[in-house]
Amino acid sequence: MPHSSRLFATACLVALACAAGAARAAEGVDAAISAAMPKVVEWRRDFHQHPELGNRETRTSQIVAAQLKAMGLEVHTGIAHTGVVGVLRGGRPGPVIALRADMDALPVTERVDVPFKSTVTTEYRGEKVGVMHACGHDGHTAILMGAAQVLAGMSKDLPGTVVFMFQPAEEGAPEGEEGGAPLMLKEGVFRDYKPDAVVGLHLWAGLNAGTIGYRSGSLMAASDTFRLTVNGVQTHGSRPWGGVDPIVASAQILNGMQTIVSRQTDITRYPAVVTVGAIKGGIRFNIIPDSVEMMGTIRTFDAGVRDQTIERLRRTAENTAAASGATARLDILPGSNPVVINNPDLTRQLLPSLQRAAGSADKVVEIPFVTGAEDFAHFALEVPGVFFFVGSTPPGQDADQAPSNHSPLYFVDESSLEVGVRAMADAAVDYLNAPRH
Ligand SMILES: [Zn+2]
Ligand SMILES: [Zn+2]
C-alpha cells in the first residue's frame, strides 16, 4: 500500500493523471480492507455476545479505546459517559471528517441461533430482560474500528484528519439520565474536534447484504414522544351529568387527531404520523374517572411540519376537551429527535464512494422516507452530514419479510460488514482528497 500511495501522490502532480492515481490508491485501500476483515468479524461477534445497554457500554468502550490506541490513534474516553473518540491526523493538512458509530444494545431476548448468541440478562424498568444487539450496533462499532485500522495504515498520505466517534445510548438514555448524540455535543465533541462533515451508517434488515440505501435531504423522521392528559371531574357512572367525563372527551380527541394528517397536512410534500400507543383511564365500571392519560409518538420529515403537527395536536386536544368542559394538556417528553437530513451537496459528493464500496452503481439504491428516528440527526444539524443504510439481510432472502431491526430474530449477514468498512473508509479518503475551491 505505501507503494501505491506514493504513486498516487506523484501522479497527482500532473492533474490529468490524478484519476489513475486515485484508482491505484483505491486498490491499496481495497487490500487493506480485505486484510482487516477477519478482525472486524471477530470484534463484532465479541460485541454481539457481550451486549450492553445505553450509558452502560463500559466493556465495549474499553475494547474500542484499547484497539484504537494500538492503531496509534489519539484516544479520548469518558465522553457522554462511555463514549470514545479516536483522532487520526493525516500526514498532510486538510479538512476534518467525523465518522460515527453507536455502541448500545437493546432490552431484547435473542432468538437467533448463532454460536455467539447473547445470553446476557439485566434488569430494565424493574423487570429481568435479555440484552441483545438487535439493532446492529455491534456491527457499526466493529465496522468503524475496521475503518480506523485501514485509515491508520495510510495516515501519512491522508490530507486532513479523521475523527472516529463511538457513541453511547443511541436508543435513548435510561430514565433520568442524559446520553447519546445530544450529550456528546453538549460536552463539546464538535467544539473540540471541529469536523467539517459527519458520516454515519446503519445496518438495515430492509435491504439485502451487498446493497446500500441512501436518500438526499430528509431521510429519517423526527420523533416526538407525547403525553396527553385529559382532566374531567370524577362522578358515579350512573350520573354522568354530575361530573365531566374525560373518557368520552379522550375518544373525541383521539378521533379528532386523525384529521391532523388526513385534512391539515400537505402530504404532497412530506408525510407525517400521529400515533397513540397507550391510553389509560378509570379503574371500575361505574366510576367515571378524574383523568385519562394517552401516550403517543409524532413522526415528521421537516422542521416546519414538525412544529405545525405538535401545535395542531395541542389545538385539537385543548379545544375538543373544552367542548365538554374538560381540559387537556399536551407534554412533549424529553428524548425527542430531529429529522435526519442528509446534506444534498455532501450526498452528491459521496455517492460515488458508496457506489465503489458496494461494487457497482446499481447496488446503491435511493430509498423512501424511513419513519424510524436516529439521534445522528443532532450531529447533522451542526455540520453537513450523510447517513446511509447498509443492507444486512442474507442475499437471496426476501428483505421485506426479514425480521426487522429490534426483532429478537434480527440477523446480520456478515458480508455486510465489509460493505460498511469500505463505505466508511472510501467516504473518508474521498472526502479528504476532494478538490477544494
Ligand atoms: Zn435501533
Ligand atoms: Zn440503531
# chains A, B, ... in the order shown; residues from 1 in each chain; ligands from 1
>>> residues_around(residues="stretch 193-209 of chain A", least_positions_apart="6", cutoff="6 Å", atoms="only C-alpha atoms", output="JSON, numbers by chain")
{"A": [96, 97, 98, 99, 100, 136, 383, 384, 385, 386, 387, 388, 389, 390, 391, 392, 393, 394, 395, 399, 400, 404, 416]}
>>> write_last_selection(atoms="N, CA and C atoms", output="compact mmCIF listing (two decimals), in the first residue's frame")
# COMPACT_ATOMS: atom_id res chain seq x y z
N VAL A 96 -11.46 18.13 8.14
CA VAL A 96 -11.71 17.15 9.21
C VAL A 96 -13.05 16.47 8.92
N ILE A 97 -13.03 15.15 8.88
CA ILE A 97 -14.28 14.41 8.72
C ILE A 97 -14.49 13.55 9.96
N ALA A 98 -15.73 13.56 10.47
CA ALA A 98 -16.08 12.71 11.62
C ALA A 98 -16.88 11.51 11.11
N LEU A 99 -16.50 10.32 11.58
CA LEU A 99 -17.23 9.09 11.26
C LEU A 99 -17.82 8.59 12.57
N ARG A 100 -19.10 8.25 12.55
CA ARG A 100 -19.77 7.92 13.82
C ARG A 100 -20.33 6.49 13.82
N GLY A 136 -28.08 -3.94 15.45
CA GLY A 136 -26.87 -3.98 14.61
C GLY A 136 -25.75 -3.05 15.05
N VAL A 383 -23.16 20.19 11.42
CA VAL A 383 -22.29 20.27 10.24
C VAL A 383 -22.94 19.43 9.14
N PRO A 384 -22.58 19.64 7.86
CA PRO A 384 -23.17 18.80 6.80
C PRO A 384 -22.96 17.32 7.13
N GLY A 385 -24.03 16.54 7.00
CA GLY A 385 -23.96 15.12 7.36
C GLY A 385 -24.55 14.24 6.29
N VAL A 386 -24.09 12.99 6.26
CA VAL A 386 -24.70 11.96 5.41
C VAL A 386 -24.83 10.69 6.25
N PHE A 387 -26.06 10.14 6.22
CA PHE A 387 -26.35 8.89 6.92
C PHE A 387 -26.94 7.94 5.89
N PHE A 388 -26.46 6.70 5.88
CA PHE A 388 -26.96 5.76 4.86
C PHE A 388 -27.16 4.38 5.47
N PHE A 389 -27.89 3.53 4.74
CA PHE A 389 -28.22 2.18 5.21
C PHE A 389 -27.40 1.14 4.47
N VAL A 390 -26.86 0.21 5.24
CA VAL A 390 -26.12 -0.91 4.67
C VAL A 390 -26.97 -2.16 4.86
N GLY A 391 -27.39 -2.76 3.75
CA GLY A 391 -28.26 -3.95 3.82
C GLY A 391 -27.61 -5.07 4.62
N SER A 392 -28.42 -5.75 5.46
CA SER A 392 -27.85 -6.81 6.31
C SER A 392 -28.58 -8.14 6.18
N THR A 393 -29.62 -8.19 5.36
CA THR A 393 -30.35 -9.45 5.19
C THR A 393 -29.62 -10.33 4.16
N PRO A 394 -29.47 -11.63 4.49
CA PRO A 394 -28.71 -12.51 3.58
C PRO A 394 -29.19 -12.42 2.13
N PRO A 395 -28.24 -12.39 1.18
CA PRO A 395 -28.64 -12.35 -0.23
C PRO A 395 -29.55 -13.54 -0.55
N ALA A 399 -35.92 -9.37 1.70
CA ALA A 399 -35.61 -8.39 2.75
C ALA A 399 -36.88 -7.77 3.34
N ASP A 400 -37.97 -7.71 2.54
CA ASP A 400 -39.22 -7.14 3.06
C ASP A 400 -39.81 -8.01 4.17
N SER A 404 -37.13 -7.49 11.33
CA SER A 404 -36.60 -6.12 11.27
C SER A 404 -35.60 -5.86 12.40
N SER A 416 -22.13 -7.98 5.04
CA SER A 416 -22.49 -6.56 5.10
C SER A 416 -21.42 -5.75 5.84
>>> closest_atom_pairs(of="chain A", to="ligand 1", cutoff="7 Å", atoms="only C-alpha atoms and all ligand atoms", output="CSV")
residue,atom,partner,partner_atom_place_in_ligand_line,distance
A:Cys135,CA,ligand 1,1 (Zn),4.6
A:Glu171,CA,ligand 1,1 (Zn),5.7
A:Asn405,CA,ligand 1,1 (Zn),6.4
A:His406,CA,ligand 1,1 (Zn),6.0
>>> write_last_selection(atoms="C-alpha atoms", output="PDB file, in the first residue's frame")
ATOM      1  CA  CYS A 135     -30.266  -3.051  16.062  1.00  0.00           C
ATOM      2  CA  GLU A 171     -31.551   4.094  21.601  1.00  0.00           C
ATOM      3  CA  ASN A 405     -34.086  -4.262  13.405  1.00  0.00           C
ATOM      4  CA  HIS A 406     -35.182  -4.563  17.076  1.00  0.00           C
TER       5      HIS A 406
END
>>> closest_residue(among="A:Gly282, A:Leu432, A:Phe190, A:Gly153", to="A:Pro93", atoms="only C-alpha atoms")
A:Leu432
>>> closest_atom_pairs(of="stretch 181-210 of chain A", to="stretch 317-338 of chain A", cutoff="12 Å", atoms="only C-alpha atoms", output="JSON lines")
{"residue": "A:Ala181", "atom": "CA", "partner": "A:Asn337", "partner_atom": "CA", "distance": 9.9}
{"residue": "A:Pro182", "atom": "CA", "partner": "A:Gly335", "partner_atom": "CA", "distance": 9.2}
{"residue": "A:Leu183", "atom": "CA", "partner": "A:Gly335", "partner_atom": "CA", "distance": 11.0}
>>> residues_around(residues="A:Ser34", least_positions_apart="3", cutoff="12 Å", atoms="only C-alpha atoms", output="list of chain:residue names")
A:Glu27, A:Gly28, A:Val29, A:Asp30, A:Ala31, A:Met37, A:Pro38, A:Lys39, A:Val40, A:Val41, A:Gly146, A:Ala147, A:Gln149, A:Val150, A:Ser415, A:Leu417, A:Glu418, A:Val419, A:Val421, A:Arg422
>>> write_last_selection(atoms="C-alpha atoms", output="PDB file, in the first residue's frame")
ATOM      1  CA  GLU A  27      -6.647  -0.564  -4.810  1.00  0.00           C
ATOM      2  CA  GLY A  28      -4.404  -0.031  -1.787  1.00  0.00           C
ATOM      3  CA  VAL A  29      -7.464   0.696   0.369  1.00  0.00           C
ATOM      4  CA  ASP A  30      -9.138  -2.454  -1.000  1.00  0.00           C
ATOM      5  CA  ALA A  31      -6.217  -4.639   0.007  1.00  0.00           C
ATOM      6  CA  MET A  37     -11.997  -8.083   7.777  1.00  0.00           C
ATOM      7  CA  PRO A  38     -11.212 -11.179   9.911  1.00  0.00           C
ATOM      8  CA  LYS A  39     -10.657  -8.894  12.902  1.00  0.00           C
ATOM      9  CA  VAL A  40     -13.816  -6.902  12.162  1.00  0.00           C
ATOM     10  CA  VAL A  41     -15.860 -10.118  12.177  1.00  0.00           C
ATOM     11  CA  GLY A 146     -12.097  -1.676  10.871  1.00  0.00           C
ATOM     12  CA  ALA A 147     -12.195   1.643   9.026  1.00  0.00           C
ATOM     13  CA  GLN A 149      -7.390   0.342  11.169  1.00  0.00           C
ATOM     14  CA  VAL A 150      -7.438   0.772   7.391  1.00  0.00           C
ATOM     15  CA  SER A 415     -20.777  -9.861   4.308  1.00  0.00           C
ATOM     16  CA  LEU A 417     -19.655  -5.685   7.491  1.00  0.00           C
ATOM     17  CA  GLU A 418     -17.163  -5.448   4.637  1.00  0.00           C
ATOM     18  CA  VAL A 419     -19.510  -3.190   2.664  1.00  0.00           C
ATOM     19  CA  VAL A 421     -15.938  -0.784   6.238  1.00  0.00           C
ATOM     20  CA  ARG A 422     -15.472   0.003   2.536  1.00  0.00           C
TER      21      ARG A 422
END
>>> residues_around(residues="A:Leu88", least_positions_apart="6", cutoff="7 Å", atoms="only C-alpha atoms", output="number ranges by chain")
A: 73-74, 152, 161-163
>>> write_last_selection(atoms="all heavy atoms", output="CSV table (one decimal), in the first residue's frame")
chain,number,residue,atom,x,y,z
A,73,LEU,N,-3.8,5.8,17.3
A,73,LEU,CA,-4.7,7.0,17.3
A,73,LEU,C,-4.6,7.7,18.6
A,73,LEU,O,-4.3,7.1,19.6
A,73,LEU,CB,-6.2,6.6,17.1
A,73,LEU,CG,-6.6,6.6,15.6
A,73,LEU,CD1,-5.9,5.5,14.8
A,73,LEU,CD2,-8.1,6.3,15.5
A,74,GLU,N,-4.9,9.0,18.6
A,74,GLU,CA,-5.1,9.8,19.8
A,74,GLU,C,-6.5,9.5,20.3
A,74,GLU,O,-7.4,9.6,19.6
A,74,GLU,CB,-4.9,11.3,19.4
A,74,GLU,CG,-5.2,12.3,20.5
A,74,GLU,CD,-5.3,13.7,19.9
A,74,GLU,OE1,-4.5,14.1,19.1
A,74,GLU,OE2,-6.3,14.4,20.2
A,152,ALA,N,-5.6,4.2,9.5
A,152,ALA,CA,-4.4,4.4,10.3
A,152,ALA,C,-3.2,3.9,9.5
A,152,ALA,O,-2.1,4.5,9.6
A,152,ALA,CB,-4.5,3.7,11.6
A,161,THR,N,-7.8,15.2,8.7
A,161,THR,CA,-8.0,14.5,9.9
A,161,THR,C,-9.3,13.7,9.9
A,161,THR,O,-10.3,14.2,9.4
A,161,THR,CB,-8.0,15.5,11.1
A,161,THR,OG1,-6.8,16.2,11.1
A,161,THR,CG2,-8.2,14.8,12.5
A,162,VAL,N,-9.2,12.5,10.5
A,162,VAL,CA,-10.4,11.7,10.6
A,162,VAL,C,-10.7,11.5,12.1
A,162,VAL,O,-9.9,11.1,12.9
A,162,VAL,CB,-10.3,10.3,10.0
A,162,VAL,CG1,-11.7,9.6,10.0
A,162,VAL,CG2,-9.8,10.4,8.5
A,163,VAL,N,-11.9,11.9,12.5
A,163,VAL,CA,-12.4,11.7,13.9
A,163,VAL,C,-13.3,10.6,14.0
A,163,VAL,O,-14.4,10.6,13.4
A,163,VAL,CB,-13.0,13.0,14.4
A,163,VAL,CG1,-13.5,12.9,15.9
A,163,VAL,CG2,-12.1,14.2,14.3
>>> closest_residue(among="A:Arg263, A:His140, A:Arg92, A:Lys280", to="ligand 2", atoms="only C-alpha atoms and all ligand atoms")
A:His140
>>> closest_residue(among="A:Asn433, A:Val261, A:Ile279, A:Ser291", to="A:Gly232", atoms="only C-alpha atoms")
A:Ser291
>>> residues_around(residues="A:Gly304", least_positions_apart="6", cutoff="12 Å", atoms="only C-alpha atoms", output="VMD selection string")
chain A and resid 222 265 to 266 269 to 270 272 310 to 311 338 to 339
>>> select_by_dssp(residues="stretch 129-248 of chain A", states="strand (DSSP E or B)", output="PyMOL selection string")
chain A and resi 129-130+132+159-167+197-208+212-214+217-220+222-231+233+235-236+244
>>> atom_distance(atom1="atom CA of A:Ser407", atom2="atom CA of A:Arg215")
24.4 Å
>>> atom_distance(atom1="atom CA of A:Asp113", atom2="atom CA of A:Ala142")
20.6 Å
>>> residues_around(residues="A:Ala66", least_positions_apart="5", cutoff="12 Å", atoms="only C-alpha atoms", output="PyMOL selection string")
chain A and resi 59-61+71-77+84-86+145
>>> atom_distance(atom1="atom CA of A:Gln264", atom2="atom CA of A:Leu381")
27.1 Å
>>> closest_residue(among="A:Ala251, A:Met103, A:Val120, A:Ala303", to="ligand 2", atoms="only C-alpha atoms and all ligand atoms")
A:Met103
>>> closest_residue(among="A:Gly179, A:Gly217, A:Gly256, A:Gly372", to="ligand 2", atoms="only C-alpha atoms and all ligand atoms")
A:Gly372
